[in-house]
>>> print(open('work.txt').read())   # compact mmCIF, N, CA, C and O atoms
# COMPACT_ATOMS: atom_id res chain seq x y z
N MET U 1 75.77 46.46 -10.67
CA MET U 1 75.11 47.47 -9.86
C MET U 1 74.89 46.96 -8.44
O MET U 1 75.19 47.68 -7.48
N LYS U 2 74.39 45.74 -8.33
CA LYS U 2 74.14 45.16 -7.02
C LYS U 2 75.46 44.99 -6.26
O LYS U 2 75.53 45.20 -5.06
N LYS U 3 76.50 44.63 -7.00
CA LYS U 3 77.82 44.42 -6.40
C LYS U 3 78.38 45.74 -5.86
O LYS U 3 78.99 45.77 -4.78
N ASN U 4 78.19 46.83 -6.60
CA ASN U 4 78.68 48.14 -6.17
C ASN U 4 77.96 48.62 -4.90
O ASN U 4 78.59 49.16 -4.00
N ILE U 5 76.66 48.45 -4.85
CA ILE U 5 75.89 48.86 -3.67
C ILE U 5 76.30 48.00 -2.47
O ILE U 5 76.49 48.53 -1.37
N TYR U 6 76.47 46.70 -2.70
CA TYR U 6 76.87 45.80 -1.61
C TYR U 6 78.27 46.16 -1.11
O TYR U 6 78.53 46.19 0.09
N GLY U 7 79.16 46.50 -2.02
CA GLY U 7 80.52 46.91 -1.64
C GLY U 7 80.51 48.23 -0.87
O GLY U 7 81.29 48.43 0.06
N LEU U 8 79.63 49.15 -1.25
CA LEU U 8 79.50 50.42 -0.55
C LEU U 8 78.99 50.22 0.87
O LEU U 8 79.50 50.82 1.82
N LEU U 9 78.00 49.34 1.01
CA LEU U 9 77.44 49.07 2.34
C LEU U 9 78.45 48.36 3.24
O LEU U 9 78.47 48.59 4.45
N ARG U 10 79.26 47.51 2.67
CA ARG U 10 80.26 46.77 3.47
C ARG U 10 81.46 47.65 3.79
O ARG U 10 82.20 47.37 4.72
N GLY U 11 81.68 48.70 3.03
CA GLY U 11 82.79 49.60 3.29
C GLY U 11 84.09 49.15 2.67
O GLY U 11 85.16 49.54 3.13
N THR U 12 84.01 48.36 1.60
CA THR U 12 85.25 47.89 0.96
C THR U 12 86.01 49.04 0.30
O THR U 12 87.21 48.93 0.12
N PHE U 13 85.35 50.14 0.00
CA PHE U 13 86.04 51.27 -0.62
C PHE U 13 87.00 51.95 0.37
O PHE U 13 87.87 52.70 -0.01
N LEU U 14 86.85 51.65 1.66
CA LEU U 14 87.73 52.23 2.66
C LEU U 14 88.98 51.40 2.91
O LEU U 14 89.96 51.93 3.45
N VAL U 15 88.95 50.14 2.53
CA VAL U 15 90.10 49.26 2.81
C VAL U 15 90.75 48.71 1.55
O VAL U 15 91.70 47.95 1.63
N SER U 16 90.27 49.11 0.41
CA SER U 16 90.85 48.61 -0.83
C SER U 16 92.20 49.26 -1.09
O SER U 16 92.64 50.13 -0.34
N GLY U 17 92.86 48.91 -2.15
CA GLY U 17 94.20 49.39 -2.47
C GLY U 17 94.27 50.88 -2.72
O GLY U 17 95.22 51.55 -2.31
N ASP U 18 93.29 51.46 -3.37
CA ASP U 18 93.32 52.90 -3.66
C ASP U 18 92.43 53.68 -2.68
O ASP U 18 91.86 54.71 -3.01
N SER U 19 92.36 53.20 -1.46
CA SER U 19 91.49 53.83 -0.47
C SER U 19 92.05 55.15 0.07
O SER U 19 91.33 55.91 0.69
N VAL U 20 93.33 55.44 -0.20
CA VAL U 20 93.92 56.69 0.27
C VAL U 20 93.18 57.89 -0.31
O VAL U 20 92.91 58.87 0.38
N LYS U 21 92.81 57.83 -1.58
CA LYS U 21 92.04 58.90 -2.21
C LYS U 21 90.68 59.06 -1.53
O LYS U 21 90.23 60.18 -1.29
N ASN U 22 90.07 57.93 -1.22
CA ASN U 22 88.76 57.98 -0.57
C ASN U 22 88.86 58.58 0.83
O ASN U 22 88.00 59.37 1.24
N TRP U 23 89.88 58.21 1.57
CA TRP U 23 90.05 58.74 2.91
C TRP U 23 90.31 60.25 2.89
O TRP U 23 89.80 60.98 3.73
N ARG U 24 91.10 60.69 1.92
CA ARG U 24 91.36 62.12 1.81
C ARG U 24 90.06 62.89 1.53
O ARG U 24 89.82 63.95 2.11
N MET U 25 89.25 62.34 0.65
CA MET U 25 87.98 63.00 0.32
C MET U 25 87.05 63.01 1.54
O MET U 25 86.41 64.03 1.82
N ILE U 26 86.98 61.91 2.26
CA ILE U 26 86.13 61.84 3.45
C ILE U 26 86.62 62.83 4.50
O ILE U 26 85.82 63.55 5.12
N LEU U 27 87.92 62.93 4.70
CA LEU U 27 88.49 63.88 5.66
C LEU U 27 88.20 65.32 5.23
O LEU U 27 87.81 66.16 6.06
N PHE U 28 88.35 65.60 3.95
CA PHE U 28 88.07 66.94 3.43
C PHE U 28 86.60 67.32 3.64
O PHE U 28 86.30 68.43 4.10
N VAL U 29 85.69 66.42 3.32
CA VAL U 29 84.26 66.69 3.50
C VAL U 29 83.93 66.87 4.98
O VAL U 29 83.13 67.73 5.36
N SER U 30 84.58 66.08 5.84
CA SER U 30 84.33 66.20 7.29
C SER U 30 84.79 67.56 7.81
O SER U 30 84.09 68.20 8.60
N VAL U 31 85.97 68.01 7.36
CA VAL U 31 86.47 69.31 7.79
C VAL U 31 85.54 70.42 7.29
O VAL U 31 85.23 71.36 8.03
N LEU U 32 85.08 70.31 6.06
CA LEU U 32 84.13 71.31 5.54
C LEU U 32 82.84 71.34 6.35
O LEU U 32 82.29 72.41 6.62
N ALA U 33 82.36 70.16 6.75
CA ALA U 33 81.14 70.09 7.54
C ALA U 33 81.34 70.75 8.90
O ALA U 33 80.47 71.49 9.39
N ILE U 34 82.50 70.52 9.52
CA ILE U 34 82.79 71.13 10.82
C ILE U 34 82.88 72.65 10.69
O ILE U 34 82.35 73.40 11.53
N VAL U 35 83.52 73.13 9.64
CA VAL U 35 83.62 74.58 9.42
C VAL U 35 82.24 75.18 9.20
O VAL U 35 81.92 76.26 9.72
N MET U 36 81.40 74.50 8.45
CA MET U 36 80.06 74.99 8.18
C MET U 36 79.23 75.06 9.47
O MET U 36 78.52 76.04 9.72
N ILE U 37 79.34 74.04 10.31
CA ILE U 37 78.59 74.03 11.57
C ILE U 37 79.08 75.15 12.48
O ILE U 37 78.28 75.86 13.12
N ALA U 38 80.40 75.34 12.57
CA ALA U 38 80.96 76.41 13.41
C ALA U 38 80.51 77.78 12.90
O ALA U 38 80.16 78.67 13.70
N SER U 39 80.49 77.96 11.61
CA SER U 39 80.05 79.23 11.03
C SER U 39 78.57 79.49 11.34
O SER U 39 78.18 80.61 11.65
N SER U 40 77.78 78.45 11.26
CA SER U 40 76.35 78.58 11.55
C SER U 40 76.13 78.97 13.01
O SER U 40 75.30 79.85 13.31
N HIS U 41 76.88 78.35 13.93
CA HIS U 41 76.74 78.69 15.35
C HIS U 41 77.18 80.13 15.60
O HIS U 41 76.55 80.85 16.38
N SER U 42 78.23 80.55 14.95
CA SER U 42 78.71 81.92 15.10
C SER U 42 77.66 82.92 14.60
O SER U 42 77.40 83.95 15.25
N ALA U 43 77.06 82.63 13.48
CA ALA U 43 76.01 83.51 12.94
C ALA U 43 74.81 83.56 13.87
O ALA U 43 74.23 84.64 14.09
N ASP U 44 74.43 82.42 14.45
CA ASP U 44 73.31 82.40 15.39
C ASP U 44 73.61 83.25 16.62
O ASP U 44 72.74 83.98 17.11
N LYS U 45 74.84 83.16 17.14
CA LYS U 45 75.21 83.97 18.30
C LYS U 45 75.08 85.45 17.98
O LYS U 45 74.59 86.24 18.80
N LYS U 46 75.52 85.83 16.79
CA LYS U 46 75.45 87.24 16.41
C LYS U 46 74.00 87.70 16.27
O LYS U 46 73.65 88.82 16.66
N VAL U 47 73.15 86.85 15.73
CA VAL U 47 71.74 87.21 15.58
C VAL U 47 71.10 87.41 16.95
O VAL U 47 70.35 88.38 17.17
N TYR U 48 71.39 86.52 17.91
CA TYR U 48 70.84 86.66 19.26
C TYR U 48 71.37 87.92 19.94
O TYR U 48 70.63 88.61 20.63
N LYS U 49 72.65 88.21 19.74
CA LYS U 49 73.23 89.41 20.34
C LYS U 49 72.60 90.67 19.77
O LYS U 49 72.28 91.61 20.51
N ILE U 50 72.37 90.69 18.46
CA ILE U 50 71.73 91.84 17.82
C ILE U 50 70.31 92.02 18.36
O ILE U 50 69.90 93.14 18.67
N ALA U 51 69.56 90.93 18.51
CA ALA U 51 68.20 91.03 19.04
C ALA U 51 68.22 91.54 20.48
O ALA U 51 67.39 92.40 20.85
N ARG U 52 69.17 91.06 21.29
CA ARG U 52 69.26 91.50 22.68
C ARG U 52 69.61 93.00 22.75
O ARG U 52 69.03 93.76 23.53
N LEU U 53 70.53 93.43 21.91
CA LEU U 53 70.92 94.85 21.90
C LEU U 53 69.79 95.74 21.41
O LEU U 53 69.63 96.87 21.90
N LYS U 54 68.99 95.26 20.45
CA LYS U 54 67.84 96.05 19.99
C LYS U 54 66.83 96.23 21.12
O LYS U 54 66.29 97.32 21.32
N ASN U 55 66.58 95.16 21.87
CA ASN U 55 65.65 95.27 22.99
C ASN U 55 66.18 96.23 24.05
O ASN U 55 65.42 97.03 24.61
N GLU U 56 67.47 96.15 24.32
CA GLU U 56 68.07 97.04 25.29
C GLU U 56 67.99 98.50 24.82
O GLU U 56 67.70 99.40 25.63
N ALA U 57 68.20 98.73 23.54
CA ALA U 57 68.10 100.09 23.00
C ALA U 57 66.67 100.61 23.12
O ALA U 57 66.46 101.79 23.45
N LYS U 58 65.68 99.76 22.88
CA LYS U 58 64.28 100.18 23.02
C LYS U 58 63.97 100.55 24.46
O LYS U 58 63.28 101.53 24.73
N GLU U 59 64.48 99.74 25.41
CA GLU U 59 64.24 100.03 26.82
C GLU U 59 64.89 101.35 27.23
O GLU U 59 64.28 102.16 27.94
N LEU U 60 66.12 101.58 26.78
CA LEU U 60 66.81 102.82 27.12
C LEU U 60 66.11 104.02 26.50
O LEU U 60 66.02 105.08 27.13
N ARG U 61 65.62 103.85 25.27
CA ARG U 61 64.91 104.96 24.63
C ARG U 61 63.63 105.29 25.37
O ARG U 61 63.31 106.47 25.59
N SER U 62 62.89 104.27 25.80
CA SER U 62 61.65 104.54 26.53
C SER U 62 61.95 105.17 27.89
O SER U 62 61.22 106.05 28.34
N ALA U 63 63.05 104.75 28.54
CA ALA U 63 63.43 105.38 29.81
C ALA U 63 63.82 106.84 29.58
O ALA U 63 63.48 107.71 30.40
N PHE U 64 64.51 107.12 28.49
CA PHE U 64 64.89 108.50 28.17
C PHE U 64 63.64 109.36 27.93
O PHE U 64 63.54 110.48 28.45
N ILE U 65 62.69 108.84 27.17
CA ILE U 65 61.48 109.60 26.87
C ILE U 65 60.68 109.84 28.14
O ILE U 65 60.15 110.93 28.37
N ASP U 66 60.62 108.82 29.02
CA ASP U 66 59.91 108.97 30.28
C ASP U 66 60.59 110.03 31.15
O ASP U 66 59.92 110.90 31.73
N GLY U 67 61.90 110.00 31.23
CA GLY U 67 62.64 110.98 32.03
C GLY U 67 62.48 112.39 31.48
O GLY U 67 62.34 113.35 32.24
N ARG U 68 62.50 112.51 30.16
CA ARG U 68 62.33 113.83 29.54
C ARG U 68 60.93 114.38 29.83
O ARG U 68 60.76 115.57 30.11
N GLY U 69 59.93 113.50 29.82
CA GLY U 69 58.57 113.94 30.13
C GLY U 69 58.43 114.40 31.56
O GLY U 69 57.78 115.43 31.84
N ARG U 70 59.07 113.66 32.49
CA ARG U 70 59.03 114.09 33.89
C ARG U 70 59.75 115.41 34.09
O ARG U 70 59.32 116.26 34.86
N LEU U 71 60.87 115.59 33.38
CA LEU U 71 61.61 116.85 33.48
C LEU U 71 60.76 118.02 32.97
O LEU U 71 60.74 119.10 33.59
N MET U 72 60.08 117.84 31.86
CA MET U 72 59.23 118.90 31.32
C MET U 72 58.12 119.24 32.32
O MET U 72 57.76 120.41 32.47
N GLU U 73 57.60 118.23 33.00
CA GLU U 73 56.55 118.47 33.99
C GLU U 73 57.11 119.26 35.17
O GLU U 73 56.47 120.17 35.68
N LEU U 74 58.33 118.93 35.60
CA LEU U 74 58.93 119.62 36.74
C LEU U 74 59.34 121.05 36.40
O LEU U 74 59.42 121.90 37.28
N LYS U 75 59.61 121.33 35.12
CA LYS U 75 60.04 122.67 34.71
C LYS U 75 58.87 123.64 34.56
O LYS U 75 59.09 124.84 34.41
N LYS U 76 57.65 123.15 34.59
CA LYS U 76 56.50 124.04 34.44
C LYS U 76 56.42 125.00 35.62
O LYS U 76 56.72 124.65 36.76
N GLU U 77 56.01 126.21 35.33
CA GLU U 77 55.94 127.24 36.37
C GLU U 77 54.95 126.86 37.47
O GLU U 77 55.21 127.08 38.65
N SER U 78 53.86 126.21 37.09
CA SER U 78 52.86 125.84 38.09
C SER U 78 53.40 124.79 39.06
O SER U 78 53.15 124.88 40.28
N SER U 79 54.15 123.82 38.57
CA SER U 79 54.68 122.81 39.49
C SER U 79 55.79 123.38 40.37
O SER U 79 55.91 123.01 41.54
N ILE U 80 56.57 124.32 39.83
CA ILE U 80 57.60 124.98 40.65
C ILE U 80 56.94 125.80 41.74
O ILE U 80 57.39 125.80 42.90
N GLU U 81 55.86 126.49 41.40
CA GLU U 81 55.15 127.31 42.38
C GLU U 81 54.59 126.44 43.50
O GLU U 81 54.68 126.81 44.69
N ILE U 82 54.05 125.30 43.17
CA ILE U 82 53.50 124.40 44.20
C ILE U 82 54.61 123.90 45.13
O ILE U 82 54.45 123.89 46.35
N LYS U 83 55.74 123.54 44.57
CA LYS U 83 56.85 123.06 45.40
C LYS U 83 57.41 124.17 46.29
O LYS U 83 57.82 123.90 47.42
N MET U 84 57.44 125.38 45.80
CA MET U 84 57.94 126.50 46.60
C MET U 84 56.97 126.84 47.73
O MET U 84 57.38 127.23 48.81
N ARG U 85 55.66 126.70 47.48
CA ARG U 85 54.67 126.93 48.55
C ARG U 85 54.86 125.93 49.69
O ARG U 85 54.70 126.26 50.85
N GLU U 86 55.20 124.68 49.33
CA GLU U 86 55.44 123.66 50.35
C GLU U 86 56.63 124.04 51.23
O GLU U 86 56.66 123.71 52.41
N LYS U 87 57.58 124.77 50.67
CA LYS U 87 58.77 125.18 51.43
C LYS U 87 58.59 126.55 52.09
O LYS U 87 59.50 127.05 52.75
N GLY U 88 57.45 127.15 51.89
CA GLY U 88 57.17 128.42 52.55
C GLY U 88 57.45 129.63 51.68
O GLY U 88 57.40 130.75 52.18
N LEU U 89 57.74 129.48 50.44
CA LEU U 89 58.00 130.60 49.54
C LEU U 89 56.77 130.84 48.67
O LEU U 89 56.01 129.93 48.39
N ARG U 90 56.61 132.09 48.24
CA ARG U 90 55.50 132.38 47.33
C ARG U 90 55.99 133.35 46.27
O ARG U 90 57.03 133.99 46.42
N THR U 91 55.23 133.49 45.22
CA THR U 91 55.62 134.39 44.14
C THR U 91 55.38 135.83 44.57
O THR U 91 54.44 136.14 45.32
N SER U 92 56.22 136.70 44.08
CA SER U 92 56.11 138.12 44.42
C SER U 92 54.97 138.76 43.62
O SER U 92 54.79 138.47 42.44
N GLU U 93 54.23 139.61 44.30
CA GLU U 93 53.14 140.31 43.62
C GLU U 93 53.61 141.65 43.07
O GLU U 93 52.94 142.27 42.26
N VAL U 94 54.79 142.11 43.54
CA VAL U 94 55.37 143.36 43.07
C VAL U 94 56.36 143.01 41.96
O VAL U 94 57.26 142.18 42.16
N PRO U 95 56.20 143.61 40.79
CA PRO U 95 57.12 143.28 39.71
C PRO U 95 58.54 143.78 40.02
O PRO U 95 58.72 144.75 40.74
N PRO U 96 59.53 143.17 39.48
CA PRO U 96 60.90 143.59 39.74
C PRO U 96 61.18 144.94 39.08
O PRO U 96 60.57 145.31 38.09
N GLN U 97 62.11 145.71 39.68
CA GLN U 97 62.47 147.01 39.12
C GLN U 97 63.88 146.94 38.57
O GLN U 97 64.75 146.27 39.12
N LYS U 98 64.07 147.68 37.51
CA LYS U 98 65.36 147.71 36.87
C LYS U 98 66.24 148.78 37.55
O LYS U 98 65.80 149.89 37.76
N ILE U 99 67.45 148.41 37.87
CA ILE U 99 68.37 149.35 38.50
C ILE U 99 69.33 149.86 37.44
O ILE U 99 69.97 149.07 36.74
N LYS U 100 69.40 151.16 37.32
CA LYS U 100 70.29 151.78 36.34
C LYS U 100 71.45 152.43 37.07
O LYS U 100 71.24 153.20 38.02
N VAL U 101 72.64 152.14 36.65
CA VAL U 101 73.83 152.72 37.25
C VAL U 101 74.41 153.70 36.25
O VAL U 101 74.70 153.34 35.11
N LYS U 102 74.57 154.96 36.72
CA LYS U 102 75.16 155.99 35.84
C LYS U 102 76.66 156.00 36.07
O LYS U 102 77.12 156.05 37.22
N PRO U 103 77.40 156.03 35.00
CA PRO U 103 78.86 156.06 35.20
C PRO U 103 79.32 157.43 35.67
O PRO U 103 78.78 158.47 35.29
N GLN U 104 80.29 157.44 36.55
CA GLN U 104 80.84 158.71 37.07
C GLN U 104 81.97 159.15 36.17
O GLN U 104 82.80 158.35 35.76
N ASN U 105 82.01 160.44 35.88
CA ASN U 105 83.07 160.99 35.02
C ASN U 105 84.28 161.37 35.80
O ASN U 105 84.49 161.82 36.77
>>> encode(input="work.txt", output="structure tokens")
Amino acid sequence: MKKNIYGLLRGTFLVSGDSVKNWRMILFVSVLAIVMIASSHSADKKVYKIARLKNEAKELRSAFIDGRGRLMELKKESSIEIKMREKGLRTSEVPPQKIKVKPQN
């Protein structure tokens, strides 16, 4: 047992006669570790992008709601009347009359 641990610490398993199997396994594990790290970084990038897009969607939605509220305020008859008074126009006190056209035979 002591000899095996000492041999592992010295690295004799890398230079012994059947070390080709060991090197292949070490290379395989290293490649798997690199793939796992790359996958993790890719997933993190996607998570950050999703969070950024959610925040952007919230901002756009609040801007839309704010704009819609201002539009509703501007469409009110009272606000239109005030703006027209500033330009010198006023509402008519005489109601409109309907014009009827009779067809000629």
>>> atom_distance(input="work.txt", atom1="atom C of Gly88 (chain U)", atom2="CA of Leu74 (chain U)")
18.0 Å
>>> select_by_dssp(input="work.txt", residues="region 1-33 of chain U", states="helix (DSSP H, G or I)", output="PyMOL selection string")
chain U and resi 2-10+12-15+19-33
>>> axis_aligned_box(input="work.txt", around="region 90-99 of chain U", padding_each_side="4 Å", output="JSON")
{"center_x": 61.5, "center_y": 141.0, "center_z": 42.5, "size_x": 25.0, "size_y": 25.8, "size_z": 19.5}
>>> atom_distance(input="work.txt", atom1="CA of Met25 (chain U)", atom2="CA of Ile5 (chain U)")
19.0 Å
>>> build_atoms(input="work.txt", residues="region 31-42 of chain U", atoms="all heavy atoms", output="PDB file, keeping the file's coordinate frame")
ATOM      1  N   VAL U  31      85.970  68.010   7.360  1.00  0.00           N
ATOM      2  CA  VAL U  31      86.470  69.310   7.790  1.00  0.00           C
ATOM      3  C   VAL U  31      85.540  70.420   7.290  1.00  0.00           C
ATOM      4  O   VAL U  31      85.230  71.360   8.030  1.00  0.00           O
ATOM      5  CB  VAL U  31      87.916  69.528   7.294  1.00  0.00           C
ATOM      6  CG1 VAL U  31      88.350  70.963   7.476  1.00  0.00           C
ATOM      7  CG2 VAL U  31      88.866  68.590   8.027  1.00  0.00           C
ATOM      8  N   LEU U  32      85.080  70.310   6.060  1.00  0.00           N
ATOM      9  CA  LEU U  32      84.130  71.310   5.540  1.00  0.00           C
ATOM     10  C   LEU U  32      82.840  71.340   6.350  1.00  0.00           C
ATOM     11  O   LEU U  32      82.290  72.410   6.620  1.00  0.00           O
ATOM     12  CB  LEU U  32      83.832  71.049   4.078  1.00  0.00           C
ATOM     13  CG  LEU U  32      84.897  71.456   3.071  1.00  0.00           C
ATOM     14  CD1 LEU U  32      84.426  71.116   1.659  1.00  0.00           C
ATOM     15  CD2 LEU U  32      85.221  72.917   3.173  1.00  0.00           C
ATOM     16  N   ALA U  33      82.360  70.160   6.750  1.00  0.00           N
ATOM     17  CA  ALA U  33      81.140  70.090   7.540  1.00  0.00           C
ATOM     18  C   ALA U  33      81.340  70.750   8.900  1.00  0.00           C
ATOM     19  O   ALA U  33      80.470  71.490   9.390  1.00  0.00           O
ATOM     20  CB  ALA U  33      80.699  68.650   7.722  1.00  0.00           C
ATOM     21  N   ILE U  34      82.500  70.520   9.520  1.00  0.00           N
ATOM     22  CA  ILE U  34      82.790  71.130  10.820  1.00  0.00           C
ATOM     23  C   ILE U  34      82.880  72.650  10.690  1.00  0.00           C
ATOM     24  O   ILE U  34      82.350  73.400  11.530  1.00  0.00           O
ATOM     25  CB  ILE U  34      84.086  70.536  11.406  1.00  0.00           C
ATOM     26  CG1 ILE U  34      83.841  69.086  11.815  1.00  0.00           C
ATOM     27  CG2 ILE U  34      84.579  71.348  12.596  1.00  0.00           C
ATOM     28  CD1 ILE U  34      85.089  68.340  12.191  1.00  0.00           C
ATOM     29  N   VAL U  35      83.520  73.130   9.640  1.00  0.00           N
ATOM     30  CA  VAL U  35      83.620  74.580   9.420  1.00  0.00           C
ATOM     31  C   VAL U  35      82.240  75.180   9.200  1.00  0.00           C
ATOM     32  O   VAL U  35      81.920  76.260   9.720  1.00  0.00           O
ATOM     33  CB  VAL U  35      84.568  74.881   8.241  1.00  0.00           C
ATOM     34  CG1 VAL U  35      84.458  76.334   7.805  1.00  0.00           C
ATOM     35  CG2 VAL U  35      85.998  74.537   8.593  1.00  0.00           C
ATOM     36  N   MET U  36      81.400  74.500   8.450  1.00  0.00           N
ATOM     37  CA  MET U  36      80.060  74.990   8.180  1.00  0.00           C
ATOM     38  C   MET U  36      79.230  75.060   9.470  1.00  0.00           C
ATOM     39  O   MET U  36      78.520  76.040   9.720  1.00  0.00           O
ATOM     40  CB  MET U  36      79.358  74.092   7.166  1.00  0.00           C
ATOM     41  CG  MET U  36      78.000  74.606   6.736  1.00  0.00           C
ATOM     42  SD  MET U  36      77.184  73.543   5.555  1.00  0.00           S
ATOM     43  CE  MET U  36      76.635  72.240   6.615  1.00  0.00           C
ATOM     44  N   ILE U  37      79.340  74.040  10.310  1.00  0.00           N
ATOM     45  CA  ILE U  37      78.590  74.030  11.570  1.00  0.00           C
ATOM     46  C   ILE U  37      79.080  75.150  12.480  1.00  0.00           C
ATOM     47  O   ILE U  37      78.280  75.860  13.120  1.00  0.00           O
ATOM     48  CB  ILE U  37      78.727  72.646  12.248  1.00  0.00           C
ATOM     49  CG1 ILE U  37      77.962  71.595  11.437  1.00  0.00           C
ATOM     50  CG2 ILE U  37      78.212  72.691  13.679  1.00  0.00           C
ATOM     51  CD1 ILE U  37      78.233  70.171  11.867  1.00  0.00           C
ATOM     52  N   ALA U  38      80.400  75.340  12.570  1.00  0.00           N
ATOM     53  CA  ALA U  38      80.960  76.410  13.410  1.00  0.00           C
ATOM     54  C   ALA U  38      80.510  77.780  12.900  1.00  0.00           C
ATOM     55  O   ALA U  38      80.160  78.670  13.700  1.00  0.00           O
ATOM     56  CB  ALA U  38      82.476  76.321  13.433  1.00  0.00           C
ATOM     57  N   SER U  39      80.490  77.960  11.610  1.00  0.00           N
ATOM     58  CA  SER U  39      80.050  79.230  11.030  1.00  0.00           C
ATOM     59  C   SER U  39      78.570  79.490  11.340  1.00  0.00           C
ATOM     60  O   SER U  39      78.180  80.610  11.650  1.00  0.00           O
ATOM     61  CB  SER U  39      80.284  79.213   9.525  1.00  0.00           C
ATOM     62  OG  SER U  39      79.751  80.350   8.924  1.00  0.00           O
ATOM     63  N   SER U  40      77.780  78.450  11.260  1.00  0.00           N
ATOM     64  CA  SER U  40      76.350  78.580  11.550  1.00  0.00           C
ATOM     65  C   SER U  40      76.130  78.970  13.010  1.00  0.00           C
ATOM     66  O   SER U  40      75.300  79.850  13.310  1.00  0.00           O
ATOM     67  CB  SER U  40      75.643  77.265  11.249  1.00  0.00           C
ATOM     68  OG  SER U  40      74.308  77.308  11.657  1.00  0.00           O
ATOM     69  N   HIS U  41      76.880  78.350  13.930  1.00  0.00           N
ATOM     70  CA  HIS U  41      76.740  78.690  15.350  1.00  0.00           C
ATOM     71  C   HIS U  41      77.180  80.130  15.600  1.00  0.00           C
ATOM     72  O   HIS U  41      76.550  80.850  16.380  1.00  0.00           O
ATOM     73  CB  HIS U  41      77.566  77.741  16.213  1.00  0.00           C
ATOM     74  CG  HIS U  41      76.947  76.380  16.365  1.00  0.00           C
ATOM     75  ND1 HIS U  41      75.746  76.179  17.002  1.00  0.00           N
ATOM     76  CD2 HIS U  41      77.367  75.166  15.956  1.00  0.00           C
ATOM     77  CE1 HIS U  41      75.444  74.892  16.977  1.00  0.00           C
ATOM     78  NE2 HIS U  41      76.415  74.252  16.344  1.00  0.00           N
ATOM     79  N   SER U  42      78.230  80.550  14.950  1.00  0.00           N
ATOM     80  CA  SER U  42      78.710  81.920  15.100  1.00  0.00           C
ATOM     81  C   SER U  42      77.660  82.920  14.600  1.00  0.00           C
ATOM     82  O   SER U  42      77.400  83.950  15.250  1.00  0.00           O
ATOM     83  CB  SER U  42      80.014  82.106  14.337  1.00  0.00           C
ATOM     84  OG  SER U  42      80.431  83.430  14.361  1.00  0.00           O
TER      85      SER U  42
END
